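Below is one structure, written out as structure tokens, with a few remarks after it.
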Amino acid sequence: MTTATHEETLGFQTEVKQLLHLMIHSLYSNREIFLRELISNAADACDKLRYAALDNDAIFEGDSDLRIEIEHDQDAGTITLRDNGIGMNRDEVIENLGTIARSGTSEFLKQLSGEQQKDAKLIGQFGVGFYSGFIVADDITVRTRKAGTDASDGVEWRSQGEGEFSVADIELERHGTEIVLHLKEDAREFADDFRLKSLVRKYSDHIDVPVRMPKVEKAHDEEGSETTTWETVNEATALWVRPKSEIDDDEYKAFYKHVAHDFSDPLTWSHNKVEGKLEYTSLLYVPGRAPFDLYERDGARGVKLYVQRVFIMDDAEQFLPLYLRFIKGVLDTRDLSLNVSRELLQQDPQVDKIKSALTKRSLDMLKKLAKDDEAYQTFWNTFGSVLKEGPAEDHANREKIAGLLRFSTTHTDSATQDQSLADYIGRMKEGQEKIYYIVADGFNAAKNSPHLEIFRKKGVEVLLLHDRIDEWLMSHLTEFEGKSFVDVAKGELDLGEVEDEEEKKAQEETAKAKEDLVKRVKEALGEAVQEVKVTHRLTDSPACVVLPEHEMGYQMRRIMEAAGQPLPEVKPILELNPEHALVTRLEGADDAAFGDLAHILLDQAIIAEGGHLDDPAAYVKRLNALLSA
Ligand code: ADP
Ligand code: MG
């Protein structure tokens, strides 16, 4: 090796410094993962070189036998990892080993609290990658050269993992990357043959690049000097290629951590080999927790794509719909060309076919997972609101997706969304034909809505929807198992056969008897309402507002208003509870008091619905007048 030239010292990006600091502090009890991260990078580098060599064989520089080598020196306290993958040039080294170039990074860092266990979880979610080397090392040297460049294009990177790193140009015979970890005093246990081998097996069996380590007993050549003989420590076959029956759960889990860059176990997986019109193997996973960028517009999503075992790209997002963006895994197919690029994927008709097949697999996998209540609840709490985007995005699978949704309902009156539509249907009253729901801003607003009074009285269950996305979701769900959905706060109240003839007749009579009152209220409120009626929806409240059936609900209005959307004015229908004392009082009021009381009833009903009053001060004034009368 010649001397280093063009040496410079650079500062880590602020985010890297923060990550390093927090990571070293919080991942102490998880230190061994550094090896997984570094092997994973080396394997990725080999994959990338194999891909680059598809149309340029020369890039192998005559060394197409891709491999990873790990050596250690117990006395010196070092571990060395070497790969003959793609390598990096100087600019790439500075970019990749000096910054974190992912969207959402600073938001992520803000969530870290300094509380060890919590942070360890979050950092795991984020993925520590290369920097994890500093959990065990206080000095790391990286020597790398990009495949296909000159020996003089080597780069040496060095850092103690504090604020800065140095880079220099060096001469490097072989392409690829070599990483030397100088272990911290308290991490020297890792410089041990047995320990390293068992870690390699634990984390890297499924990687199809061989990971080699020197044989313990040294061989001697003819002159009697030592030569290193290598042995392959991992299985070194791509996991998904092996028959299912030969893969155990731990191997599936370890592979998940490699593809998903996650620390924790997946909830479930589905491994399928398909032959026939389409030919592909897929291994899809449902993660146990959300990645930090789940709601980032440009967050990483999609599967790792291989064509005939050759790695093509990470995050191929064309093979799964957006509402399944949390699914991780691998797709290996014969139906695409090795030269496929992101652009070409967009035009290839095979892609859509595979996409609908993988969508179906994913939905089936979730359906299976749903048999385990606890696991499914974890899934739902983590990804439910993403899955709720499904009915709008994927009409063909609407019914299937609906079956996977979970809700709060009046049956449990709990904010936890854990009831399925099938559960609901199983509890439907005799004569009930519809699935009733209410949408509100929060769980309590939904649960305590006056609209539910009659339903509670009759023992008819109502779904309590309280997520931001819910009103939009329901606008795309019209029926499930032939039963239509009805918003209890909109349109005519229709309880079907849950009400008997006698009740209906009694209601008509009341309506007749109150015709004068209704007319008077309508006159008093004028343009503020579309219509006034008596209702039997209510048992405890004096009044409620109802929106016309196809009108946008109050929740959606608020979201649109917040987004600055101009909205047409909505005129509610005011419904009065003829049994209520306030309504009786209204009937007996003189003209002056009548108008005020009628307005108060209307405004209260709007407030109970989570709506905004046009003139809240007027409401307060009227109310105070009434209270002090
Ligand atoms: P990630 O693997 O999630 O991209 P890492 O922090 O592990 O993040 O690595 C950062 C980047 O550094 C990688 O994306 C890759 O470009 C580069 N890199 C790391 N290790 C190697 C290696 N052995 N060979 C080539 N490039 C590497
Ligand atoms: Mg990595």
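Residue numbering restarts at 1 for every chain of the structure tokens, chains are lettered A, B, ... in their displayed order, and ligands are numbered from 1 as they appear.
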Chain A near ligand 2 within 6 Å: what's each residue's closest atom pair and its distance in Å to one decimal, counting only C-alpha atoms and all ligand atoms, ordered by chain then ascending residue number, as CSV?
residue,atom,partner,partner_atom_place_in_ligand_line,distance
A:Glu37,CA,ligand 2,1 (Mg),5.4
A:Ser40,CA,ligand 2,1 (Mg),5.9
A:Asn41,CA,ligand 2,1 (Mg),4.6
A:Gly129,CA,ligand 2,1 (Mg),4.1
A:Phe130,CA,ligand 2,1 (Mg),5.8
**Request:** All residues within 10 Å of ligand 1 are required, counting only C-alpha atoms and all ligand atoms; please report them as number ranges by chain.
**Result:** A: 34, 36-46, 48-49, 68, 81-89, 92-102, 126-133, 142-147, 175-179, 258-261, 314
If we count only C-alpha atoms and set the cut-off at 6 Å, which residues sit around Thr232 of chain A, ignoring sequence neighbours fewer than 6 positions away in its own chain? Please answer as an MDAnalysis selection string. chainID A and resid 210:212
Store the residues picked out above, limited to N, CA, C and O atoms, as a PDB file, in the first residue's frame.
ATOM      1  N   PRO A 210     -21.261 -16.124   0.151  1.00  0.00           N
ATOM      2  CA  PRO A 210     -20.586 -16.866   1.224  1.00  0.00           C
ATOM      3  C   PRO A 210     -19.832 -15.931   2.176  1.00  0.00           C
ATOM      4  O   PRO A 210     -19.186 -14.992   1.733  1.00  0.00           O
ATOM      5  N   VAL A 211     -19.978 -16.199   3.452  1.00  0.00           N
ATOM      6  CA  VAL A 211     -19.187 -15.468   4.447  1.00  0.00           C
ATOM      7  C   VAL A 211     -18.110 -16.432   4.918  1.00  0.00           C
ATOM      8  O   VAL A 211     -18.407 -17.499   5.450  1.00  0.00           O
ATOM      9  N   ARG A 212     -16.872 -16.054   4.717  1.00  0.00           N
ATOM     10  CA  ARG A 212     -15.781 -16.977   5.031  1.00  0.00           C
ATOM     11  C   ARG A 212     -14.960 -16.486   6.205  1.00  0.00           C
ATOM     12  O   ARG A 212     -14.769 -15.292   6.387  1.00  0.00           O
TER      13      ARG A 212
END
Among segment 141-352 of chain A, which residues does DSSP mark as strand (DSSP E) when it is run on the backbone? Keep the chain and numbering as in the structure and answer as a PyMOL selection string.
chain A and resi 141-145+154-159+164-170+176-183+211-214+219-220+226-227+230-232+268-274+280-286+303-307+310-316+328-333
* Using only C-alpha atoms, which residue out of A:Glu296, A:Asp153, A:Asp91, A:Glu8 lies closest to Glu107 of chain A? ->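 Answer, going by the shortest atom-to-atom distance: A:Glu296.
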Expressed in Å to a single decimal, how great is the separation between atom CA of Met556 of chain A and atom CA of Asn577 of chain A?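 Atom-to-atom, atom CA of Met556 of chain A to atom CA of Asn577 of chain A, that is 26.7 Å.
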